[in-house]
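Visitor: This is the content of my_file_39.txt (compact mmCIF, C-alpha atoms):
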```txt
# COMPACT_ATOMS: atom_id res chain seq x y z
CA MET A 1 192.52 65.02 -95.24
CA PHE A 2 188.74 64.66 -95.28
CA LYS A 3 188.50 68.14 -96.75
CA LYS A 4 190.74 67.19 -99.65
CA ILE A 5 188.70 64.02 -100.29
CA TRP A 6 185.45 66.03 -100.23
CA LEU A 7 186.85 68.61 -102.64
CA LYS A 8 187.94 65.84 -105.00
CA ILE A 9 184.49 64.18 -104.87
CA LYS A 10 182.84 67.55 -105.45
CA GLU A 11 185.12 68.26 -108.41
CA SER A 12 184.40 64.84 -109.92
CA PHE A 13 180.64 65.34 -109.45
CA GLN A 14 180.75 68.70 -111.17
CA THR A 15 182.76 67.21 -114.04
CA ALA A 16 180.20 64.41 -114.39
CA ILE A 17 177.34 66.91 -114.49
CA VAL A 18 179.11 68.91 -117.21
CA ALA A 19 179.75 65.70 -119.18
CA VAL A 20 176.08 64.65 -118.93
CA PHE A 21 175.00 68.14 -120.05
CA ILE A 22 177.32 67.99 -123.05
CA ILE A 23 176.04 64.52 -123.99
CA LEU A 24 172.39 65.62 -123.69
CA THR A 25 173.11 68.69 -125.81
CA ILE A 26 174.68 66.54 -128.54
CA VAL A 27 171.72 64.12 -128.45
CA ILE A 28 169.23 66.98 -128.77
CA ILE A 29 171.18 68.58 -131.62
CA LEU A 30 171.23 65.29 -133.53
CA TYR A 31 167.79 63.94 -132.63
CA VAL A 32 165.58 66.98 -133.16
CA PRO A 33 166.45 67.85 -136.77
CA PHE A 34 166.71 64.25 -137.94
CA LYS A 35 163.83 62.66 -136.00
CA ILE A 36 161.36 65.07 -134.48
CA ILE A 37 161.24 67.71 -137.25
CA PRO A 38 160.78 65.23 -140.13
CA GLN A 39 157.91 63.59 -138.22
CA ILE A 40 156.23 66.94 -137.68
CA MET A 41 156.74 68.00 -141.29
CA SER A 42 155.34 64.75 -142.71
CA ARG A 43 152.36 64.36 -140.40
CA GLY A 44 149.55 64.94 -142.85
CA THR A 45 150.93 68.12 -144.34
CA SER A 46 152.66 66.82 -147.45
CA PHE A 47 153.84 63.68 -149.16
CA ILE A 48 157.59 63.16 -149.40
CA SER A 49 157.13 61.15 -152.59
CA THR A 50 153.48 61.82 -153.33
CA THR A 51 151.87 64.66 -155.25
CA LEU A 52 148.35 65.96 -155.70
CA SER A 53 147.29 68.10 -158.65
CA SER A 54 143.82 69.22 -159.63
CA PHE A 55 141.67 70.63 -162.42
CA PHE A 56 138.56 72.69 -161.58
CA ILE A 57 135.59 72.45 -163.95
CA SER A 58 132.62 74.78 -163.58
CA ASP A 59 129.09 73.51 -164.17
CA ASN A 60 128.69 75.81 -167.18
CA ASP A 61 132.10 74.65 -168.41
CA LYS A 62 133.03 78.25 -169.24
CA LYS A 63 136.00 78.51 -166.95
CA THR A 64 138.59 76.08 -165.70
CA GLU A 65 141.36 76.51 -163.25
CA GLU A 66 144.50 74.43 -162.71
CA SER A 67 146.47 74.56 -159.48
CA GLU A 68 148.67 72.56 -157.17
CA ASP A 69 146.26 71.16 -154.54
CA ASN A 70 143.52 73.60 -155.63
CA SER A 71 143.83 75.63 -152.43
CA LEU A 72 141.00 77.94 -151.43
CA LYS A 73 140.53 81.03 -153.59
CA THR A 74 138.03 83.82 -153.06
CA ASN A 75 135.09 84.12 -155.42
CA LYS A 76 133.50 87.51 -154.88
CA LYS A 77 130.38 86.60 -156.86
CA GLU A 78 129.42 83.97 -154.28
CA ASN A 79 129.06 86.67 -151.64
CA THR A 80 126.37 88.62 -153.50
CA LYS A 81 122.69 88.32 -152.63
CA GLU A 82 121.83 87.62 -156.26
CA THR A 83 124.06 84.54 -156.32
CA LEU A 84 122.98 83.24 -152.91
CA ASN A 85 119.31 83.41 -153.93
CA LYS A 86 119.97 80.78 -156.61
CA TYR A 87 120.80 78.11 -154.03
CA TYR A 88 118.69 76.25 -151.50
CA GLY A 89 118.88 73.15 -149.33
CA ASN A 90 122.23 71.48 -148.82
CA ALA A 91 125.36 70.74 -150.79
CA ASP A 92 126.35 67.13 -151.50
CA LEU A 93 129.95 66.19 -152.31
CA LEU A 94 130.26 63.01 -154.39
CA ILE A 95 133.68 61.40 -154.91
CA ASP A 96 134.22 59.14 -157.96
CA LEU A 97 137.15 57.08 -159.20
CA ILE A 98 138.26 57.86 -162.78
CA GLY A 99 141.26 55.56 -163.16
CA ILE A 100 144.29 53.85 -161.59
CA GLY A 101 147.71 53.31 -163.14
CA PHE A 102 151.30 54.46 -163.19
CA VAL A 103 152.85 57.84 -163.94
CA ASP A 104 155.47 58.14 -166.65
CA GLU A 105 158.55 59.62 -164.98
CA LYS A 106 159.52 61.71 -168.03
CA THR A 107 156.18 63.12 -169.14
CA GLY A 108 154.14 62.99 -165.94
CA ILE A 109 151.27 61.33 -167.86
CA LEU A 110 149.13 58.84 -165.96
CA TYR A 111 148.78 55.55 -167.87
CA TYR A 112 145.78 53.53 -166.73
CA SER A 113 146.60 49.97 -165.82
CA ASN A 114 145.00 47.13 -163.83
CA GLU A 115 148.33 46.46 -162.15
CA VAL A 116 151.39 48.56 -161.27
CA GLY A 117 155.01 47.76 -160.43
CA LYS A 118 156.41 48.25 -156.95
CA ASN A 119 159.04 50.60 -158.42
CA ASN A 120 156.53 52.65 -160.42
CA ILE A 121 155.12 56.00 -159.44
CA ILE A 122 151.59 54.80 -158.69
CA GLY A 123 148.79 57.16 -159.65
CA VAL A 124 145.06 57.50 -159.15
CA LYS A 125 142.68 59.94 -160.81
CA PHE A 126 139.40 60.85 -159.14
CA GLN A 127 136.89 63.66 -159.01
CA VAL A 128 134.84 65.44 -156.36
CA LYS A 129 131.53 66.90 -157.57
CA ASN A 130 128.82 68.88 -155.81
CA ILE A 131 125.58 67.12 -156.74
CA GLY A 132 123.56 69.04 -154.17
CA THR A 133 121.53 72.24 -154.45
CA ASN A 134 123.70 74.63 -152.44
CA ILE A 135 127.29 75.86 -152.43
CA SER A 136 129.67 73.69 -150.42
CA GLY A 137 131.87 76.23 -148.68
CA GLN A 138 135.36 75.27 -147.51
CA TRP A 139 136.37 71.62 -147.23
CA LYS A 140 139.47 69.43 -147.11
CA LEU A 141 140.63 66.15 -148.60
CA LYS A 142 142.23 63.31 -146.68
CA ILE A 143 144.15 60.70 -148.67
CA ILE A 144 145.51 57.46 -147.20
CA MET A 145 147.75 55.46 -149.52
CA PRO A 146 149.57 52.13 -148.96
CA SER A 147 152.98 53.84 -148.96
CA LYS A 148 155.96 53.18 -146.71
CA THR A 149 157.07 56.78 -146.90
CA THR A 150 154.14 58.93 -145.82
CA PRO A 151 150.83 57.10 -145.93
CA GLU A 152 148.63 60.05 -144.99
CA TYR A 153 147.99 63.32 -146.80
CA ILE A 154 145.73 66.16 -145.69
CA SER A 155 145.04 68.94 -148.19
CA ASP A 156 144.66 72.65 -147.68
CA TYR A 157 141.14 74.07 -147.86
CA GLN A 158 139.64 73.48 -151.30
CA ILE A 159 137.61 75.99 -153.29
CA SER A 160 133.89 76.18 -152.66
CA LEU A 161 131.91 74.20 -155.24
CA LYS A 162 128.61 75.43 -156.63
CA PRO A 163 125.98 72.83 -157.62
CA GLY A 164 127.31 70.92 -160.64
CA ASP A 165 130.93 72.07 -160.20
CA ARG A 166 133.61 69.41 -159.92
CA ILE A 167 137.36 69.07 -159.42
CA GLU A 168 139.43 66.33 -161.04
CA TYR A 169 142.44 65.25 -158.98
CA THR A 170 145.49 63.16 -159.77
CA ALA A 171 147.37 61.78 -156.76
CA SER A 172 150.54 59.71 -156.95
CA PHE A 173 152.85 57.95 -154.53
CA GLU A 174 155.91 55.71 -154.39
CA ASN A 175 157.25 52.93 -152.15
CA PRO A 176 154.16 50.71 -151.68
CA ILE A 177 154.17 48.77 -148.42
CA GLU A 178 154.26 45.42 -150.21
CA THR A 179 153.28 43.62 -153.41
CA GLY A 180 149.85 42.11 -153.89
CA ASN A 181 146.37 43.56 -153.48
CA LEU A 182 146.43 46.82 -151.54
CA THR A 183 143.81 49.43 -150.70
CA GLY A 184 143.88 53.21 -150.51
CA TYR A 185 141.25 55.56 -149.15
CA ILE A 186 140.15 59.07 -150.06
CA ILE A 187 137.75 61.15 -147.98
CA ALA A 188 136.19 64.43 -149.14
CA ASP A 189 135.32 66.87 -146.34
CA TYR A 190 136.78 64.57 -143.68
CA THR A 191 136.36 67.33 -141.06
CA ASN A 192 132.60 67.52 -141.80
CA ASN A 193 132.64 71.26 -142.50
CA VAL A 194 129.98 70.91 -145.21
CA VAL A 195 126.32 70.40 -144.33
CA GLU A 196 125.35 67.70 -146.85
CA LEU A 197 122.38 65.74 -148.08
CA LEU A 198 124.40 62.51 -147.82
CA GLU A 199 127.71 61.78 -146.09
CA SER A 200 128.25 58.19 -147.26
CA ASN A 201 129.29 59.25 -150.80
CA ASN A 202 132.28 61.19 -149.40
CA TYR A 203 134.37 58.03 -149.15
CA LEU A 204 136.27 56.17 -151.87
CA ASN A 205 138.12 52.84 -151.56
CA ILE A 206 140.84 52.37 -154.17
CA PRO A 207 142.12 48.87 -155.02
CA PHE A 208 145.74 48.58 -156.14
CA LYS A 209 147.37 45.44 -157.54
CA VAL A 210 151.12 45.84 -157.07
CA ILE A 211 153.48 43.45 -158.87
CA THR A 212 157.25 42.99 -158.82
CA THR A 213 157.86 43.96 -162.46
CA LYS A 214 157.98 47.67 -163.24
CA LYS A 215 155.43 48.78 -165.83
CA THR A 216 156.64 50.85 -168.79
CA THR A 217 155.02 52.81 -171.59
CA GLY A 218 156.77 50.75 -174.26
CA ASN A 219 153.79 48.46 -174.77
CA TYR A 220 151.27 51.27 -175.01
CA SER A 221 150.41 52.95 -178.27
CA ASN A 222 149.54 56.64 -178.27
CA ALA A 223 148.02 56.42 -181.75
CA ILE A 224 144.38 57.25 -181.12
CA LYS A 225 141.78 56.40 -183.77
CA ILE A 226 138.26 57.77 -183.45
CA SER A 227 135.13 56.89 -185.38
CA CYS A 228 131.62 58.08 -184.68
CA GLY A 229 128.18 57.02 -185.73
CA VAL A 230 124.51 57.60 -185.12
CA SER A 231 121.54 55.36 -184.36
CA ASP A 232 119.42 56.81 -187.20
CA ASP A 233 120.67 59.03 -190.02
CA THR A 234 117.16 59.97 -191.21
CA PRO A 235 115.08 60.39 -188.05
CA ASP A 236 111.76 62.16 -187.71
CA THR A 237 111.34 65.20 -185.49
CA GLY A 238 110.71 64.10 -181.92
CA ASP A 239 112.69 60.86 -182.28
CA ILE A 240 115.51 60.04 -179.86
CA VAL A 241 118.80 60.04 -181.76
CA THR A 242 121.94 58.54 -180.21
CA TRP A 243 125.35 59.74 -181.31
CA TYR A 244 128.19 57.42 -180.29
CA ALA A 245 131.98 57.20 -180.65
CA ASP A 246 134.40 54.28 -180.87
CA VAL A 247 138.02 54.82 -179.87
CA SER A 248 140.97 52.49 -180.40
CA GLY A 249 144.66 52.80 -179.60
CA GLY A 250 146.21 54.08 -176.41
CA TYR A 251 145.51 52.42 -173.11
CA GLY A 252 143.09 53.15 -170.32
CA GLN A 253 140.05 55.32 -169.99
CA TYR A 254 138.72 57.87 -172.49
CA LEU A 255 136.61 60.91 -171.63
CA TYR A 256 134.03 62.11 -174.15
CA SER A 257 132.18 65.38 -174.76
CA TRP A 258 129.83 66.36 -177.60
CA GLN A 259 128.66 69.45 -179.43
CA GLY A 260 126.61 70.09 -182.54
CA SER A 261 123.41 71.43 -184.11
CA ASP A 262 120.39 72.52 -182.08
CA ASN A 263 122.40 73.03 -178.89
CA LEU A 264 123.78 69.51 -178.81
CA LEU A 265 126.14 69.75 -175.85
CA SER A 266 127.43 67.38 -173.16
CA ILE A 267 129.98 67.75 -170.41
CA GLN A 268 133.03 65.50 -170.32
CA SER A 269 132.29 61.99 -169.05
CA THR A 270 133.23 58.35 -169.55
CA ALA A 271 130.03 57.70 -171.53
CA ASN A 272 130.83 57.34 -175.24
CA GLY A 273 127.34 58.31 -176.42
CA VAL A 274 124.81 61.10 -176.10
CA ASN A 275 121.07 61.26 -176.78
CA LYS A 276 119.38 64.11 -178.61
CA ILE A 277 115.79 64.91 -179.66
CA TYR A 278 115.50 67.26 -182.64
CA ASP A 279 112.42 69.47 -182.81
CA THR A 280 113.20 70.94 -186.24
CA LYS A 281 113.81 69.42 -189.66
CA GLY A 282 116.98 69.74 -191.69
CA THR A 283 120.65 68.78 -191.66
CA LYS A 284 122.21 68.21 -188.25
CA THR A 285 125.88 68.01 -187.29
CA ALA A 286 127.78 66.52 -184.36
CA LYS A 287 131.38 66.48 -183.19
CA VAL A 288 132.94 64.38 -180.45
CA THR A 289 135.95 65.42 -178.37
CA VAL A 290 138.00 62.70 -176.69
CA ASN A 291 140.34 63.37 -173.77
CA TYR A 292 143.01 60.71 -173.42
CA ASN A 293 145.69 61.28 -170.78
CA ASN A 294 145.00 65.04 -170.95
CA GLN A 295 145.51 65.10 -174.73
CA ILE A 296 142.57 66.25 -176.83
CA TYR A 297 141.33 64.60 -180.05
CA THR A 298 138.26 65.57 -182.09
CA LYS A 299 136.19 63.88 -184.79
CA ASP A 300 133.40 65.31 -186.97
CA CYS A 301 130.59 62.83 -187.49
CA GLU A 302 128.65 62.34 -190.72
CA ASN A 303 125.70 64.73 -190.96
CA ILE A 304 122.18 63.44 -190.59
CA LYS A 305 118.93 64.78 -192.03
CA VAL A 306 115.89 65.09 -189.80
CA LYS A 307 112.56 64.65 -191.65
```
What is this structure when it is put down as structure tokens?

Guide:
Amino acid sequence: MFKKIWLKIKESFQTAIVAVFIILTIVIILYVPFKIIPQIMSRGTSFISTTLSSFFISDNDKKTEESEDNSLKTNKKENTKETLNKYYGNADLLIDLIGIGFVDEKTGILYYSNEVGKNNIIGVKFQVKNIGTNISGQWKLKIIMPSKTTPEYISDYQISLKPGDRIEYTASFENPIETGNLTGYIIADYTNNVVELLESNNYLNIPFKVITTKKTTGNYSNAIKISCGVSDDTPDTGDIVTWYADVSGGYGQYLYSWQGSDNLLSIQSTANGVNKIYDTKGTKTAKVTVNYNNQIYTKDCENIKVK
């Protein structure tokens, strides 16, 4: 009798063990792909609803390169002795804010705005520039945004920047944590791979004002009007002459660059004017190029005559 009872208890115990094993197997099958794997995949490797694009601009402005995330690419010229001899001291990565706004869902254009809707794709444009005297080598970006979805983004290695080179980035995200005044953070070379003159300019705080109402492009005009002028249309040789541009229409920030007689040339910046000293007499020309939301507009200025 006791033997039968023992066998029954043993059989029940074995059945219970099998049942527990089956339950654990089901839990693992359901939990791993839906909980563990998504956490691993979103831990600093990519944004679920956030993107990062970039535009590389060389110091001599002769070559540009667009890419997703501007991942590291090999530049054979940097490995030559001739190139290395041009550089000395340390690199210095400077990060600057260009503009904040919302991204149009149809065109992907970033519209600058002082406030954004909680249901907008929120965007920020910034640049990283090497203002030092040596090449930077490999480095990474870390972006922390006030997003419910994936607040942290860590980039792949970025291309090495020579002195004067810069990269313009546009980052965007959705699902802000709340409405009101929020803050995002961007860190260039957060792993401290680059030996720099100054580390404090590697950090950027970004203020966002998030409102309930969704912003649209309906109230923004894309009709850009450009006029340009000059501080003196009959200067003497050796005088400082200032060319300047006025832009109306559109919304947000404009980027200006200049070219003209006697090697008048400036790289793209937010400054709407450029100074020039002419060493020779005669007629001088100037032309301004305006970049608005990645669309290019040009305007020829009235000629001046240097005495």

Visitor: Pick from A:Gly117, A:Gly108, A:Gly137, A:Gly132: nearest to Asn201 of chain A, with all atoms listed in the file counted?

Guide: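 So, comparing all the options, the nearest one is A:Gly132.
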
Visitor: I'd like to know which of A:Asp92, A:Asp104, A:Asp262, A:Asp246 is closest to Ser200 of chain A, using only C-alpha atoms.

Guide: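 Going through A:Asp92, A:Asp104, A:Asp262, A:Asp246 one by one, the smallest distance to Ser200 of chain A is for A:Asp92.
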
Visitor: Grab the atom CA of Tyr88 of chain A to atom CA of Thr133 of chain A distance for me, in Å with one decimal place.

Guide: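 Here the two named atoms are 5.7 Å from each other.
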
Visitor: Skip Gly123 of chain A itself and residues of its chain fewer than 4 positions away, then list as a VMD selection string all residues within 7 Å of it, counting only C-alpha atoms.

Guide: chain A and resid 100 to 103 110 170 to 173

Visitor: Could you name the residues that touch Tyr203 of chain A at 12 Å or less, counting all atoms listed in the file, but leaving out those on the same chain fewer than 2 positions away, as a list in words?

Guide: Leu93, Leu94, Ile95, Asp96, Leu97, Phe126, Gln127, Val128, Leu141, Lys142, Ile143, Ile144, Gly184, Tyr185, Ile186, Ile187, Ala188, Asp189, Tyr190, Leu198, Glu199, Ser200, Asn201, Asn205 and Ile206 of chain A

Visitor: Just want the 7 Å neighbourhood of Gly273 of chain A, counted on all atoms listed in the file, with same-chain residues fewer than 3 positions away dropped. Output as a PyMOL selection string.

Guide: chain A and resi 242-245

Visitor: As an exercise, work out the distance from atom CA of Ile122 of chain A to atom CA of Val210 of chain A in Å and give it to one decimal place.

Guide: 9.1 Å

Visitor: So which residues fall inside 10 Å of (151.1, 50.2, -149.9) if we count only C-alpha atoms? Mind giving them as a list in words?

Guide: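 Selection result: Lys118, Ile122, Ile144, Met145, Pro146, Ser147, Lys148, Thr149, Pro151, Phe173, Glu174, Asn175, Pro176, Ile177, Glu178, Thr179, Gly180, Asn181, Leu182, Thr183, Gly184, Phe208, Lys209 and Val210 of chain A.
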
Visitor: Work out how far apart atom CA of Lys106 of chain A and atom CA of Ser248 of chain A are and give it in Å to one decimal.

Guide: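 These two atoms are separated by 24.1 Å.
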
Visitor: List the neighbours of Ser160 of chain A out to 7 Å using all atoms listed in the file; skip same-chain residues closer than 3 positions along the sequence, and give me the result as a list in words.

Guide: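 Near Ser160 of chain A, the qualifying residues are Ile135, Ser136, Gly137 and Gln138 of chain A.
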
Visitor: For Lys129 of chain A, which residue among A:Gly260, A:Glu152, A:Tyr292, A:Arg166 is the nearest when counting only C-alpha atoms?

Guide: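 The closest residue to Lys129 of chain A is A:Arg166.
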
Visitor: For Lys305 of chain A, find every residue with an atom within 6 Å (counting only C-alpha atoms), except residues of its own chain fewer than 5 positions away, and show them as a PyMOL selection string.

Guide: chain A and resi 234+282-283

Visitor: For the selection you just gave me, I'd like the residues written to a file as a JSON list (two decimals), in the coordinates of the input, keeping C-alpha atoms.

Guide:
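This went into part-v1.json:
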```json
[["chain", "number", "residue", "atom", "x", "y", "z"],
["A", 234, "THR", "CA", 117.16, 59.97, -191.21],
["A", 282, "GLY", "CA", 116.98, 69.74, -191.69],
["A", 283, "THR", "CA", 120.65, 68.78, -191.66]]
```

Visitor: Taking (158.9, 49.6, -163.3) in the file's coordinates as the center, which residues reach within 6 Å of it, counting all atoms listed in the file, put as an MDAnalysis selection string?

Guide: chainID A and resid 117 119:120 213:215

Visitor: I need the residues from that last selection saved to file as a compact mmCIF listing (two decimals), keeping the file's coordinate frame (with C-alpha atoms), if you can.

Guide:
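Everything below was put into selection00.txt:
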```txt
# COMPACT_ATOMS: atom_id res chain seq x y z
CA GLY A 117 155.01 47.76 -160.43
CA ASN A 119 159.04 50.60 -158.42
CA ASN A 120 156.53 52.65 -160.42
CA THR A 213 157.86 43.96 -162.46
CA LYS A 214 157.98 47.67 -163.24
CA LYS A 215 155.43 48.78 -165.83
```

Visitor: Nearest to Val195 of chain A among A:Ser227, A:Asn134, A:Gln253, A:Thr150, with distances taken over all atoms listed in the file: which residue is it?

Guide: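 Smallest distance to Val195 of chain A is found for A:Asn134.
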
Visitor: Calculated over only C-alpha atoms, which of the candidates A:Tyr112, A:Tyr87, A:Tyr169, A:Tyr254 has the smallest distance to Thr217 of chain A?

Guide: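 Of the candidates, the smallest distance to Thr217 of chain A is held by A:Tyr112.
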
Visitor: Give the answer as one residue: which of A:Asn202, A:Ser231, A:Ser257, A:Asn130 has the shortest atom-to-atom distance to Tyr297 of chain A, using only C-alpha atoms?

Guide: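 Nearest candidate to Tyr297 of chain A out of A:Asn202, A:Ser231, A:Ser257, A:Asn130: A:Ser257.
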
Visitor: Could segment 253-265 of chain A be completed with N, CA and C atoms and returned as a short mmCIF file (atom, residue, chain, number, x, y, z; two decimals), keeping the file's coordinate frame?

Guide:
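Okay, this is what ended up in out_34.cif:
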```cif
data_model
loop_
_atom_site.label_atom_id
_atom_site.label_comp_id
_atom_site.auth_asym_id
_atom_site.auth_seq_id
_atom_site.Cartn_x
_atom_site.Cartn_y
_atom_site.Cartn_z
N GLN A 253 141.39 54.76 -169.94
CA GLN A 253 140.05 55.32 -169.99
C GLN A 253 140.01 56.57 -170.87
N TYR A 254 138.92 56.70 -171.64
CA TYR A 254 138.72 57.87 -172.49
C TYR A 254 137.57 58.70 -171.93
N LEU A 255 137.67 60.00 -172.05
CA LEU A 255 136.61 60.91 -171.63
C LEU A 255 136.04 61.59 -172.86
N TYR A 256 134.71 61.63 -172.95
CA TYR A 256 134.03 62.11 -174.15
C TYR A 256 133.20 63.36 -173.83
N SER A 257 133.14 64.27 -174.80
CA SER A 257 132.18 65.38 -174.76
C SER A 257 131.69 65.64 -176.18
N TRP A 258 130.47 66.20 -176.30
CA TRP A 258 129.83 66.36 -177.60
C TRP A 258 129.34 67.78 -177.80
N GLN A 259 129.31 68.20 -179.06
CA GLN A 259 128.66 69.45 -179.43
C GLN A 259 128.18 69.35 -180.87
N GLY A 260 127.15 70.15 -181.19
CA GLY A 260 126.61 70.09 -182.54
C GLY A 260 125.37 70.94 -182.70
N SER A 261 124.60 70.65 -183.75
CA SER A 261 123.41 71.43 -184.11
C SER A 261 122.36 71.40 -183.00
N ASP A 262 121.54 72.44 -183.00
CA ASP A 262 120.39 72.52 -182.08
C ASP A 262 120.81 72.36 -180.62
N ASN A 263 121.91 73.02 -180.28
CA ASN A 263 122.40 73.03 -178.89
C ASN A 263 122.77 71.64 -178.37
N LEU A 264 123.24 70.79 -179.26
CA LEU A 264 123.78 69.51 -178.81
C LEU A 264 125.03 69.80 -177.99
N LEU A 265 125.03 69.42 -176.73
CA LEU A 265 126.14 69.75 -175.85
C LEU A 265 126.14 68.77 -174.68
#
```
